[in-house]
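Visitor: Take a look at upload26.csv, CSV, C-alpha atoms and all ligand atoms:
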```csv
chain,number,residue,atom,x,y,z
G,138,MET,CA,80.0,101.0,107.9
G,139,LYS,CA,78.8,99.7,111.2
G,140,PHE,CA,81.1,99.3,114.3
G,141,LYS,CA,80.4,97.4,117.5
G,142,ASN,CA,81.3,100.4,119.5
G,143,PRO,CA,82.7,103.9,118.7
G,144,VAL,CA,86.0,103.7,120.7
G,145,PHE,CA,88.9,102.7,118.4
G,146,LEU,CA,92.7,102.2,118.8
G,147,ALA,CA,94.6,105.2,117.2
G,148,SER,CA,97.5,104.7,114.9
G,149,GLY,CA,101.0,104.7,116.4
G,150,ILE,CA,100.4,102.8,119.6
G,151,MET,CA,100.1,99.0,120.0
G,152,GLY,CA,99.7,98.7,116.2
G,153,GLU,CA,103.3,97.8,115.4
G,154,THR,CA,102.6,94.0,115.1
G,155,GLY,CA,99.7,91.7,114.3
G,156,SER,CA,99.8,90.4,117.8
G,157,SER,CA,99.6,93.8,119.5
G,158,LEU,CA,96.6,94.6,117.3
G,159,LYS,CA,95.0,91.3,118.3
G,160,ARG,CA,95.5,92.2,121.9
G,161,MET,CA,93.9,95.6,121.5
G,162,ALA,CA,90.9,93.9,119.8
G,163,LYS,CA,90.6,91.5,122.7
G,164,GLU,CA,90.5,94.5,125.0
G,165,GLY,CA,87.3,95.6,123.3
G,166,ALA,CA,88.3,98.3,120.7
G,167,GLY,CA,85.6,98.9,118.1
G,168,ALA,CA,88.3,99.1,115.5
G,169,VAL,CA,92.1,98.8,115.6
G,170,THR,CA,94.4,101.0,113.5
G,171,THR,CA,97.8,99.8,112.3
G,172,LYS,CA,101.0,101.8,112.8
G,173,SER,CA,101.5,103.8,109.6
G,174,ILE,CA,102.9,101.4,107.0
G,175,GLY,CA,105.0,102.3,104.0
G,176,LEU,CA,106.3,100.6,100.9
G,177,ASN,CA,109.8,99.7,102.4
G,178,PRO,CA,111.1,98.8,105.8
G,179,ASN,CA,112.0,101.9,107.8
G,180,PRO,CA,114.0,101.9,111.1
G,181,GLY,CA,112.7,105.3,112.1
G,182,HIS,CA,114.6,107.9,114.1
G,183,LYS,CA,117.3,107.1,116.7
G,184,ASN,CA,116.4,107.2,120.4
G,185,PRO,CA,115.3,109.2,122.3
G,186,THR,CA,112.0,109.0,120.3
G,187,ILE,CA,109.5,109.7,123.1
G,188,VAL,CA,109.4,112.2,125.9
G,189,GLU,CA,106.8,111.7,128.7
G,190,LEU,CA,105.2,115.0,129.8
G,191,ASP,CA,102.5,115.6,132.4
G,192,ILE,CA,100.3,116.9,129.6
G,193,GLY,CA,100.8,114.1,127.2
G,194,LEU,CA,103.6,112.5,125.1
G,195,LEU,CA,106.0,114.1,122.7
G,196,ASN,CA,107.2,111.7,120.0
G,197,ALA,CA,109.4,111.6,116.9
G,198,MET,CA,109.4,107.9,116.1
G,199,GLY,CA,110.1,108.7,112.4
G,200,LEU,CA,107.6,106.2,110.8
G,201,PRO,CA,109.3,103.0,111.9
G,202,ASN,CA,107.7,100.0,110.3
G,203,PRO,CA,108.6,96.7,108.6
G,204,GLY,CA,107.2,97.7,105.1
G,205,VAL,CA,103.9,96.6,103.7
G,206,ASN,CA,105.0,93.1,102.5
G,207,SER,CA,106.1,92.0,106.0
G,208,TYR,CA,103.2,93.8,107.7
G,209,ILE,CA,100.5,92.0,105.7
G,210,GLU,CA,102.0,88.7,106.8
G,211,GLU,CA,101.3,89.8,110.3
G,212,LEU,CA,97.8,90.8,109.4
G,213,GLU,CA,97.3,87.5,107.6
G,214,GLU,CA,97.8,85.7,111.0
G,215,VAL,CA,95.5,87.8,113.1
G,216,ARG,CA,92.7,89.0,110.8
G,217,ASP,CA,90.3,86.0,111.3
G,218,PHE,CA,90.6,86.3,115.0
G,219,ILE,CA,90.0,90.0,114.9
G,220,LYS,CA,87.1,89.5,112.6
G,221,LYS,CA,85.5,87.0,114.9
G,222,LEU,CA,85.5,89.6,117.7
G,223,ASP,CA,83.6,91.9,115.2
G,224,THR,CA,86.5,94.4,115.4
G,225,LYS,CA,87.3,96.3,112.3
G,226,ILE,CA,90.8,96.9,111.0
G,227,ILE,CA,91.9,100.3,109.8
G,228,GLY,CA,95.1,100.4,107.7
G,229,SER,CA,97.1,103.5,108.2
G,230,ILE,CA,99.4,104.1,105.2
G,231,TYR,CA,102.0,106.6,104.1
G,232,GLY,CA,104.2,107.2,101.1
G,233,LYS,CA,106.3,109.9,99.5
G,234,ASN,CA,104.3,110.2,96.4
G,235,GLU,CA,101.1,109.0,94.6
G,236,GLU,CA,102.8,105.9,93.3
G,237,GLU,CA,103.9,104.7,96.7
G,238,PHE,CA,100.6,105.5,98.3
G,239,ILE,CA,98.8,103.5,95.5
G,240,GLU,CA,101.1,100.5,95.8
G,241,VAL,CA,100.8,100.3,99.6
G,242,ALA,CA,97.0,100.8,99.5
G,243,LYS,CA,96.6,98.1,96.9
G,244,LYS,CA,98.7,95.6,98.9
G,245,ILE,CA,97.0,96.3,102.2
G,246,GLU,CA,93.4,96.6,100.9
G,247,GLU,CA,92.3,93.0,101.3
G,248,TYR,CA,93.5,92.9,104.9
G,249,VAL,CA,91.7,96.0,106.2
G,250,ASP,CA,88.1,97.4,106.3
G,251,LEU,CA,89.2,101.0,105.8
G,252,ILE,CA,92.3,102.9,104.7
G,253,GLU,CA,93.6,105.9,106.7
G,254,LEU,CA,95.9,108.1,104.7
G,255,ASN,CA,98.6,109.5,107.0
G,256,ILE,CA,99.3,112.8,105.4
G,257,SER,CA,99.9,114.4,108.7
G,258,CYS,CA,103.0,113.1,110.5
G,259,PRO,CA,104.7,116.3,111.8
G,260,HIS,CA,108.3,115.3,111.6
G,261,ALA,CA,109.0,113.1,108.6
G,262,LYS,CA,110.7,115.1,105.8
G,263,GLY,CA,108.9,114.7,102.5
G,264,TYR,CA,106.2,112.5,104.0
G,265,GLY,CA,103.2,113.1,106.2
G,266,MET,CA,102.6,116.8,107.0
G,267,ALA,CA,104.6,117.9,103.9
G,268,ILE,CA,101.7,116.4,102.0
G,269,GLY,CA,98.9,117.3,104.4
G,270,GLN,CA,99.8,121.0,104.4
G,271,ASP,CA,99.5,121.2,100.7
G,272,PRO,CA,96.0,121.1,99.3
G,273,ASP,CA,97.1,120.1,95.8
G,274,LEU,CA,99.2,117.2,97.0
G,275,SER,CA,96.5,116.1,99.4
G,276,HIS,CA,94.0,116.1,96.5
G,277,SER,CA,96.1,114.2,94.0
G,278,ILE,CA,97.1,111.5,96.5
G,279,CYS,CA,93.6,111.0,97.8
G,280,LYS,CA,92.2,110.9,94.3
G,281,ALA,CA,94.8,108.4,93.2
G,282,VAL,CA,94.2,106.0,96.2
G,283,LYS,CA,90.4,106.3,95.8
G,284,LYS,CA,90.7,105.2,92.2
G,285,SER,CA,92.9,102.2,93.2
G,286,VAL,CA,90.9,100.6,96.0
G,287,SER,CA,87.3,99.8,96.9
G,288,VAL,CA,87.5,100.1,100.7
G,289,PRO,CA,86.6,103.5,102.2
G,290,VAL,CA,89.5,106.0,102.3
G,291,PHE,CA,89.7,108.4,105.2
G,292,ALA,CA,92.4,111.1,105.5
G,293,LYS,CA,94.1,111.9,108.8
G,294,LEU,CA,94.6,115.7,109.1
G,295,THR,CA,97.4,117.7,110.6
G,296,PRO,CA,96.5,120.6,112.9
G,297,ASN,CA,99.8,122.2,111.9
G,298,VAL,CA,98.3,124.4,109.2
G,299,SER,CA,96.8,127.9,109.0
G,300,ASN,CA,93.6,126.9,107.2
G,301,ILE,CA,92.6,123.3,107.7
G,302,LEU,CA,89.3,123.8,105.8
G,303,GLU,CA,91.3,124.4,102.6
G,304,ILE,CA,92.9,121.0,103.0
G,305,ALA,CA,89.7,119.3,103.8
G,306,GLU,CA,88.0,120.9,100.8
G,307,ALA,CA,90.7,119.6,98.5
G,308,LEU,CA,90.2,116.1,100.0
G,309,VAL,CA,86.4,116.3,99.6
G,310,GLU,CA,86.9,117.2,96.0
G,311,ALA,CA,89.1,114.1,95.7
G,312,LYS,CA,86.1,112.1,97.0
G,313,VAL,CA,87.6,111.3,100.4
G,314,ASP,CA,85.1,109.1,102.4
G,315,GLY,CA,85.8,110.7,105.8
G,316,PHE,CA,88.2,112.5,108.1
G,317,VAL,CA,90.4,111.4,111.0
G,318,ALA,CA,91.2,114.5,113.1
G,319,ILE,CA,93.8,115.2,114.5
G,320,ASN,CA,97.4,114.0,114.2
G,321,THR,CA,99.9,115.3,116.7
G,322,VAL,CA,100.8,119.0,117.2
G,323,ARG,CA,104.4,120.0,116.5
G,324,GLY,CA,106.5,120.7,119.6
G,325,MET,CA,109.8,120.5,121.4
G,326,ALA,CA,111.2,119.7,124.8
G,327,ILE,CA,114.7,120.8,126.0
G,328,ASP,CA,116.8,119.0,128.7
G,329,ILE,CA,118.0,122.1,130.6
G,330,ARG,CA,121.0,120.3,132.1
G,331,ALA,CA,122.2,118.8,128.8
G,332,LYS,CA,121.2,122.2,127.2
G,333,LYS,CA,119.7,120.6,124.1
G,334,PRO,CA,116.5,119.2,122.7
G,335,ILE,CA,115.6,115.7,124.2
G,336,LEU,CA,114.4,114.1,121.0
G,337,SER,CA,117.1,112.9,118.6
G,338,ASN,CA,115.0,114.5,115.9
G,339,LYS,CA,115.0,117.7,118.0
G,340,PHE,CA,111.2,118.3,117.5
G,341,GLY,CA,108.2,116.0,117.4
G,342,GLY,CA,104.5,115.6,117.8
G,343,LEU,CA,102.6,116.3,121.0
G,344,SER,CA,99.7,114.0,121.8
G,345,GLY,CA,97.5,113.6,124.9
G,346,LYS,CA,95.6,115.9,127.2
G,347,ALA,CA,97.1,119.1,126.0
G,348,ILE,CA,95.8,118.8,122.4
G,349,LYS,CA,92.1,117.9,123.1
G,350,PRO,CA,90.7,121.5,122.6
G,351,ILE,CA,92.7,121.8,119.4
G,352,GLY,CA,91.2,118.5,118.1
G,353,VAL,CA,87.6,119.3,119.2
G,354,LYS,CA,87.8,122.6,117.3
G,355,VAL,CA,89.0,120.9,114.2
G,356,VAL,CA,86.2,118.3,114.4
G,357,TYR,CA,83.7,121.1,115.0
G,358,ASP,CA,84.8,123.0,111.9
G,359,LEU,CA,84.8,119.9,109.7
G,360,TYR,CA,81.3,119.0,110.8
G,361,GLU,CA,80.1,122.6,110.2
G,362,ASN,CA,81.5,122.7,106.7
G,363,PHE,CA,81.3,119.1,105.2
G,364,ASP,CA,78.9,116.2,105.2
G,365,LYS,CA,81.5,113.5,105.8
G,366,PRO,CA,81.9,111.1,108.7
G,367,ILE,CA,84.6,112.2,111.2
G,368,ILE,CA,86.7,110.1,113.6
G,369,GLY,CA,87.9,112.3,116.4
G,370,VAL,CA,91.3,111.8,118.0
G,371,GLY,CA,93.6,113.8,120.2
G,372,GLY,CA,93.7,113.7,124.0
G,373,ILE,CA,90.8,111.4,124.6
G,374,TYR,CA,91.3,109.6,128.0
G,375,THR,CA,87.7,109.3,129.3
G,376,GLY,CA,84.1,108.9,128.2
G,377,GLU,CA,83.6,112.6,128.8
G,378,ASP,CA,86.5,113.5,126.5
G,379,ALA,CA,85.0,111.2,123.8
G,380,ILE,CA,81.5,112.8,124.2
G,381,GLU,CA,83.0,116.2,123.7
G,382,TYR,CA,84.4,115.1,120.3
G,383,ILE,CA,81.1,113.4,119.4
G,384,MET,CA,79.1,116.5,120.3
G,385,ALA,CA,81.5,118.5,118.1
G,386,GLY,CA,80.6,116.1,115.2
G,387,ALA,CA,82.7,112.9,115.4
G,388,SER,CA,80.8,109.6,114.9
G,389,ALA,CA,83.6,107.6,116.5
G,390,VAL,CA,86.9,108.3,118.4
G,391,GLN,CA,90.4,106.9,118.5
G,392,VAL,CA,92.5,106.5,121.6
G,393,GLY,CA,96.3,106.6,121.6
G,394,THR,CA,98.1,108.2,124.5
G,395,ALA,CA,95.4,107.0,127.0
G,396,VAL,CA,96.2,103.4,126.2
G,397,TYR,CA,99.6,104.1,127.9
G,398,VAL,CA,98.1,106.3,130.7
G,399,ARG,CA,95.0,104.2,131.6
G,400,GLY,CA,96.0,100.8,130.5
G,401,TYR,CA,94.9,98.3,127.9
G,402,ASP,CA,91.3,98.1,129.2
G,403,VAL,CA,90.9,101.8,128.3
G,404,PHE,CA,88.4,100.9,125.5
G,405,LYS,CA,86.0,99.1,127.9
G,406,LYS,CA,86.4,101.9,130.4
G,407,ILE,CA,85.6,104.6,127.9
G,408,CYS,CA,82.6,102.7,126.4
G,409,GLU,CA,81.2,102.2,129.9
G,410,GLU,CA,81.6,105.9,130.7
G,411,ILE,CA,79.9,106.9,127.4
G,412,LYS,CA,77.0,104.5,128.2
G,413,LYS,CA,76.6,105.8,131.7
G,414,PHE,CA,76.4,109.4,130.4
G,415,LEU,CA,73.8,108.4,127.7
G,416,GLU,CA,71.7,106.6,130.3
G,417,GLU,CA,71.8,109.6,132.7
G,418,GLU,CA,70.8,111.9,129.9
G,419,ASN,CA,68.3,109.5,128.4
G,420,LEU,CA,69.9,109.8,125.0
G,421,LYS,CA,71.3,107.6,122.3
G,422,LEU,CA,74.7,108.0,120.7
G,423,LYS,CA,73.3,109.1,117.4
G,424,ASP,CA,71.3,111.9,119.1
G,425,ILE,CA,74.5,113.6,120.3
G,426,ILE,CA,76.7,113.4,117.2
G,427,GLY,CA,77.2,117.1,116.3
G,428,ILE,CA,74.6,118.2,119.0
G,429,ALA,CA,76.9,121.2,120.0
G,430,HIS,CA,76.0,122.8,116.6
G,431,GLU,CA,72.3,123.1,117.3
V,501,LIG,O1,106.1,107.7,113.5
V,501,LIG,C1,106.0,108.8,113.9
V,501,LIG,O2,106.9,109.5,114.4
V,501,LIG,C2,104.7,109.5,114.0
V,501,LIG,C3,103.7,109.5,113.0
V,501,LIG,BR1,103.9,108.4,111.5
V,501,LIG,C4,102.6,110.3,113.0
V,501,LIG,O3,101.7,110.3,112.1
V,501,LIG,N1,102.4,111.1,114.1
V,501,LIG,C5,103.3,111.1,115.1
V,501,LIG,O4,103.1,111.9,116.0
V,501,LIG,N2,104.4,110.4,115.0
```
Starting from the file, lay out its structure as structure tokens.
Ligand code: RRO

Guide:
Amino acid sequence: MKFKNPVFLASGIMGETGSSLKRMAKEGAGAVTTKSIGLNPNPGHKNPTIVELDIGLLNAMGLPNPGVNSYIEELEEVRDFIKKLDTKIIGSIYGKNEEEFIEVAKKIEEYVDLIELNISCPHAKGYGMAIGQDPDLSHSICKAVKKSVSVPVFAKLTPNVSNILEIAEALVEAKVDGFVAINTVRGMAIDIRAKKPILSNKFGGLSGKAIKPIGVKVVYDLYENFDKPIIGVGGIYTGEDAIEYIMAGASAVQVGTAVYVRGYDVFKKICEEIKKFLEEENLKLKDIIGIAHE
């Protein structure tokens, strides 16, 4: 699959509606990823759902989304516009079991270019990480979705495991087409005056600056062990951050927290910064994918 550039919108930010996806496509993202969509509407957790930290964001949104039937109506309205910009759409989906994953995947398939299995949300009981920490569940869900759709299927991995390669191996056996790494890292923030956790869910997922070295290591290990394309995500704010992930083995990157930190034109800025680096080094993007392994 070819993309106009390697800097994509990550799931979870500005992907809640068709029009926000369209806006991010207009801002120059090579691909835009939907908020994770499930079978039924879900209000998510109560506020507070986000804590702003100087090292990133801590969130426990709780998978809020309108359900796949309503969401595809949104995609219906914007997909032609997004296609004309030559921006690809990645559909992030979740479910509590194989059947739910299959149903959502089948419904969303015709609206997206690639499906991203969210088996890695760190704070949704019975969903997300509960699947992505278990090699057998990861395997069976990936296999079932792969059998049900013809678009490529990537799996988004959680770093909250002791052996990520065991999970990746199970997914490769289930014929996953590629990896998205990483989802957020489990964490907590406490309001010391209120003397209790800030998030209504108590704990959540840390994104942004702090998690970049964790993501780069996961991408490095995946590249070292498997021959599958990798989309790197976690703490990418600049072209230099993106290049680190690419040198570790990512062919493309996703940007989430930095959309909030640097603004909507972050995609253009990061692309320019990558370009400048490649010109200075007299290299092409494909020359540096995985170069840190040589
Ligand atoms: O909605 C969320 O709370 C959420 C999800 Br689905 C996810 O995959 N990762 C995250 O940090 N938050």

Visitor: Any residue with an atom at most 7 Å from ligand LIG 501 (chain V) counts, using all atoms listed in the file. Which are they? Put them as JSON, numbers by chain.

Guide: {"G": [149, 173, 196, 197, 198, 199, 200, 201, 255, 257, 258, 259, 260, 265, 320, 321, 341, 342, 343]}

Visitor: Using all atoms listed in the file, can you tell me which of G:Lys354, G:Lys163, G:Lys262, G:Lys283 comes closest to Val215 (chain G)?

Guide: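 Closest residue, counting all atoms listed in the file: G:Lys163.
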
Visitor: Residues at most 12 Å from Lys413 (chain G), counting only C-alpha atoms, excluding those fewer than 6 positions away in the same chain, as a PDB file with C-alpha atoms, in the frame of the given file?

Guide:
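Full text of selection08.pdb as output:
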```pdb
ATOM      1  CA  THR G 375      87.700 109.300 129.300  1.00  0.00           C
ATOM      2  CA  GLY G 376      84.100 108.900 128.200  1.00  0.00           C
ATOM      3  CA  GLU G 377      83.600 112.600 128.800  1.00  0.00           C
ATOM      4  CA  ILE G 380      81.500 112.800 124.200  1.00  0.00           C
ATOM      5  CA  LYS G 406      86.400 101.900 130.400  1.00  0.00           C
ATOM      6  CA  ILE G 407      85.600 104.600 127.900  1.00  0.00           C
ATOM      7  CA  ASN G 419      68.300 109.500 128.400  1.00  0.00           C
ATOM      8  CA  LEU G 420      69.900 109.800 125.000  1.00  0.00           C
ATOM      9  CA  LYS G 421      71.300 107.600 122.300  1.00  0.00           C
ATOM     10  CA  LEU G 422      74.700 108.000 120.700  1.00  0.00           C
TER      11      LEU G 422
END
```

Visitor: With only C-alpha atoms as the counted atoms, please give the residues lying no more than 8 Å from Gly369 (chain G), apart from itself and same-chain residues fewer than 2 positions off, as a PyMOL selection string.

Guide: chain G and resi 317-319+352-353+356+367+371+382-383+387-391

Visitor: Excluding region 402-404 of chain G and residues on its chain fewer than 6 positions from it, collect all residues at most 9 Å away from it, counting all atoms listed in the file, and give them as a list in words.

Guide: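 These residues fall inside the cut-off: Val144, Phe145, Leu146, Met161, Glu164, Gly165, Ala166, Gly167, Tyr374, Thr375, Val392, Ala395 and Val396 of chain G.
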
Visitor: Tell me, as a short mmCIF file (atom, residue, chain, number, x, y, z; two decimals) with C-alpha atoms, keeping the file's coordinate frame, which residues lie within 12 Å of Val205 (chain G), counting only C-alpha atoms; anything in the same chain fewer than 4 positions away does not count.

Guide:
```
data_model
loop_
_atom_site.label_atom_id
_atom_site.label_comp_id
_atom_site.auth_asym_id
_atom_site.auth_seq_id
_atom_site.Cartn_x
_atom_site.Cartn_y
_atom_site.Cartn_z
CA GLU G 153 103.30 97.80 115.40
CA THR G 154 102.60 94.00 115.10
CA THR G 171 97.80 99.80 112.30
CA LYS G 172 101.00 101.80 112.80
CA SER G 173 101.50 103.80 109.60
CA ILE G 174 102.90 101.40 107.00
CA GLY G 175 105.00 102.30 104.00
CA LEU G 176 106.30 100.60 100.90
CA ASN G 177 109.80 99.70 102.40
CA PRO G 178 111.10 98.80 105.80
CA ASN G 179 112.00 101.90 107.80
CA PRO G 201 109.30 103.00 111.90
CA ILE G 209 100.50 92.00 105.70
CA GLU G 210 102.00 88.70 106.80
CA GLU G 211 101.30 89.80 110.30
CA LEU G 212 97.80 90.80 109.40
CA GLU G 213 97.30 87.50 107.60
CA GLY G 228 95.10 100.40 107.70
CA SER G 229 97.10 103.50 108.20
CA ILE G 230 99.40 104.10 105.20
CA TYR G 231 102.00 106.60 104.10
CA GLY G 232 104.20 107.20 101.10
CA GLU G 237 103.90 104.70 96.70
CA PHE G 238 100.60 105.50 98.30
CA ILE G 239 98.80 103.50 95.50
CA GLU G 240 101.10 100.50 95.80
CA VAL G 241 100.80 100.30 99.60
CA ALA G 242 97.00 100.80 99.50
CA LYS G 243 96.60 98.10 96.90
CA LYS G 244 98.70 95.60 98.90
CA ILE G 245 97.00 96.30 102.20
CA GLU G 246 93.40 96.60 100.90
CA TYR G 248 93.50 92.90 104.90
#
```

Visitor: Could region 357-367 of chain G be written out with all heavy atoms, as a PDB file, in the first residue's frame, please?

Guide:
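Written out: result-v2.pdb:
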```pdb
ATOM      1  N   TYR G 357      11.802  -1.493  17.386  1.00  0.00           N
ATOM      2  CA  TYR G 357      13.108  -2.114  17.107  1.00  0.00           C
ATOM      3  C   TYR G 357      13.010  -3.640  17.238  1.00  0.00           C
ATOM      4  O   TYR G 357      13.466  -4.381  16.376  1.00  0.00           O
ATOM      5  CB  TYR G 357      14.153  -1.545  18.074  1.00  0.00           C
ATOM      6  CG  TYR G 357      15.578  -1.943  17.777  1.00  0.00           C
ATOM      7  CD1 TYR G 357      16.400  -1.145  16.998  1.00  0.00           C
ATOM      8  CD2 TYR G 357      16.111  -3.132  18.292  1.00  0.00           C
ATOM      9  CE1 TYR G 357      17.709  -1.508  16.727  1.00  0.00           C
ATOM     10  CE2 TYR G 357      17.414  -3.506  18.017  1.00  0.00           C
ATOM     11  CZ  TYR G 357      18.215  -2.693  17.237  1.00  0.00           C
ATOM     12  OH  TYR G 357      19.505  -3.070  16.972  1.00  0.00           O
ATOM     13  N   ASP G 358      12.386  -4.096  18.306  1.00  0.00           N
ATOM     14  CA  ASP G 358      12.266  -5.541  18.548  1.00  0.00           C
ATOM     15  C   ASP G 358      11.377  -6.212  17.503  1.00  0.00           C
ATOM     16  O   ASP G 358      11.655  -7.327  17.057  1.00  0.00           O
ATOM     17  CB  ASP G 358      11.696  -5.799  19.958  1.00  0.00           C
ATOM     18  CG  ASP G 358      12.711  -5.474  21.047  1.00  0.00           C
ATOM     19  OD1 ASP G 358      13.898  -5.256  20.721  1.00  0.00           O
ATOM     20  OD2 ASP G 358      12.305  -5.421  22.221  1.00  0.00           O
ATOM     21  N   LEU G 359      10.290  -5.536  17.108  1.00  0.00           N
ATOM     22  CA  LEU G 359       9.396  -6.107  16.091  1.00  0.00           C
ATOM     23  C   LEU G 359      10.142  -6.250  14.761  1.00  0.00           C
ATOM     24  O   LEU G 359      10.060  -7.273  14.085  1.00  0.00           O
ATOM     25  CB  LEU G 359       8.158  -5.218  15.897  1.00  0.00           C
ATOM     26  CG  LEU G 359       7.164  -5.168  17.063  1.00  0.00           C
ATOM     27  CD1 LEU G 359       6.109  -4.098  16.806  1.00  0.00           C
ATOM     28  CD2 LEU G 359       6.494  -6.535  17.285  1.00  0.00           C
ATOM     29  N   TYR G 360      10.888  -5.201  14.400  1.00  0.00           N
ATOM     30  CA  TYR G 360      11.625  -5.212  13.123  1.00  0.00           C
ATOM     31  C   TYR G 360      12.684  -6.313  13.124  1.00  0.00           C
ATOM     32  O   TYR G 360      12.906  -6.988  12.119  1.00  0.00           O
ATOM     33  CB  TYR G 360      12.261  -3.840  12.918  1.00  0.00           C
ATOM     34  CG  TYR G 360      12.894  -3.654  11.565  1.00  0.00           C
ATOM     35  CD1 TYR G 360      12.150  -3.178  10.489  1.00  0.00           C
ATOM     36  CD2 TYR G 360      14.250  -3.950  11.350  1.00  0.00           C
ATOM     37  CE1 TYR G 360      12.738  -2.991   9.235  1.00  0.00           C
ATOM     38  CE2 TYR G 360      14.840  -3.772  10.110  1.00  0.00           C
ATOM     39  CZ  TYR G 360      14.085  -3.289   9.060  1.00  0.00           C
ATOM     40  OH  TYR G 360      14.657  -3.097   7.827  1.00  0.00           O
ATOM     41  N   GLU G 361      13.323  -6.480  14.264  1.00  0.00           N
ATOM     42  CA  GLU G 361      14.392  -7.475  14.403  1.00  0.00           C
ATOM     43  C   GLU G 361      13.834  -8.902  14.230  1.00  0.00           C
ATOM     44  O   GLU G 361      14.515  -9.774  13.714  1.00  0.00           O
ATOM     45  CB  GLU G 361      14.986  -7.312  15.816  1.00  0.00           C
ATOM     46  CG  GLU G 361      16.251  -8.045  16.105  1.00  0.00           C
ATOM     47  CD  GLU G 361      17.511  -7.393  15.515  1.00  0.00           C
ATOM     48  OE1 GLU G 361      17.540  -6.168  15.325  1.00  0.00           O
ATOM     49  OE2 GLU G 361      18.436  -8.155  15.236  1.00  0.00           O
ATOM     50  N   ASN G 362      12.591  -9.103  14.657  1.00  0.00           N
ATOM     51  CA  ASN G 362      12.067 -10.469  14.731  1.00  0.00           C
ATOM     52  C   ASN G 362      11.057 -10.871  13.670  1.00  0.00           C
ATOM     53  O   ASN G 362      10.788 -12.054  13.493  1.00  0.00           O
ATOM     54  CB  ASN G 362      11.435 -10.699  16.112  1.00  0.00           C
ATOM     55  CG  ASN G 362      12.490 -10.828  17.185  1.00  0.00           C
ATOM     56  OD1 ASN G 362      13.078 -11.890  17.357  1.00  0.00           O
ATOM     57  ND2 ASN G 362      12.773  -9.736  17.867  1.00  0.00           N
ATOM     58  N   PHE G 363      10.430  -9.898  12.998  1.00  0.00           N
ATOM     59  CA  PHE G 363       9.372 -10.225  12.031  1.00  0.00           C
ATOM     60  C   PHE G 363       9.534  -9.422  10.750  1.00  0.00           C
ATOM     61  O   PHE G 363      10.053  -8.307  10.772  1.00  0.00           O
ATOM     62  CB  PHE G 363       7.978  -9.934  12.632  1.00  0.00           C
ATOM     63  CG  PHE G 363       7.750 -10.617  13.945  1.00  0.00           C
ATOM     64  CD1 PHE G 363       7.881  -9.912  15.140  1.00  0.00           C
ATOM     65  CD2 PHE G 363       7.441 -11.966  14.001  1.00  0.00           C
ATOM     66  CE1 PHE G 363       7.700 -10.535  16.366  1.00  0.00           C
ATOM     67  CE2 PHE G 363       7.251 -12.604  15.224  1.00  0.00           C
ATOM     68  CZ  PHE G 363       7.381 -11.881  16.410  1.00  0.00           C
ATOM     69  N   ASP G 364       9.032  -9.997   9.663  1.00  0.00           N
ATOM     70  CA  ASP G 364       9.102  -9.296   8.386  1.00  0.00           C
ATOM     71  C   ASP G 364       7.720  -8.725   8.060  1.00  0.00           C
ATOM     72  O   ASP G 364       7.046  -9.192   7.139  1.00  0.00           O
ATOM     73  CB  ASP G 364       9.563 -10.305   7.322  1.00  0.00           C
ATOM     74  CG  ASP G 364       9.824  -9.619   6.002  1.00  0.00           C
ATOM     75  OD1 ASP G 364       9.990  -8.387   5.992  1.00  0.00           O
ATOM     76  OD2 ASP G 364       9.838 -10.330   4.979  1.00  0.00           O
ATOM     77  N   LYS G 365       7.283  -7.765   8.865  1.00  0.00           N
ATOM     78  CA  LYS G 365       5.951  -7.158   8.687  1.00  0.00           C
ATOM     79  C   LYS G 365       6.098  -5.643   8.778  1.00  0.00           C
ATOM     80  O   LYS G 365       6.904  -5.147   9.578  1.00  0.00           O
ATOM     81  CB  LYS G 365       4.992  -7.589   9.814  1.00  0.00           C
ATOM     82  CG  LYS G 365       4.676  -9.068   9.840  1.00  0.00           C
ATOM     83  CD  LYS G 365       3.603  -9.402   8.845  1.00  0.00           C
ATOM     84  CE  LYS G 365       3.388 -10.915   8.791  1.00  0.00           C
ATOM     85  NZ  LYS G 365       2.550 -11.308   7.663  1.00  0.00           N
ATOM     86  N   PRO G 366       5.310  -4.903   7.994  1.00  0.00           N
ATOM     87  CA  PRO G 366       5.393  -3.443   8.125  1.00  0.00           C
ATOM     88  C   PRO G 366       4.947  -2.970   9.503  1.00  0.00           C
ATOM     89  O   PRO G 366       4.059  -3.564  10.114  1.00  0.00           O
ATOM     90  CB  PRO G 366       4.449  -2.929   7.032  1.00  0.00           C
ATOM     91  CG  PRO G 366       3.635  -4.086   6.607  1.00  0.00           C
ATOM     92  CD  PRO G 366       4.360  -5.338   6.974  1.00  0.00           C
ATOM     93  N   ILE G 367       5.587  -1.893   9.950  1.00  0.00           N
ATOM     94  CA  ILE G 367       5.296  -1.357  11.290  1.00  0.00           C
ATOM     95  C   ILE G 367       4.970   0.125  11.175  1.00  0.00           C
ATOM     96  O   ILE G 367       5.678   0.875  10.500  1.00  0.00           O
ATOM     97  CB  ILE G 367       6.521  -1.517  12.227  1.00  0.00           C
ATOM     98  CG1 ILE G 367       7.001  -2.979  12.277  1.00  0.00           C
ATOM     99  CG2 ILE G 367       6.193  -1.021  13.641  1.00  0.00           C
ATOM    100  CD1 ILE G 367       8.431  -3.141  12.802  1.00  0.00           C
TER     101      ILE G 367
END
```
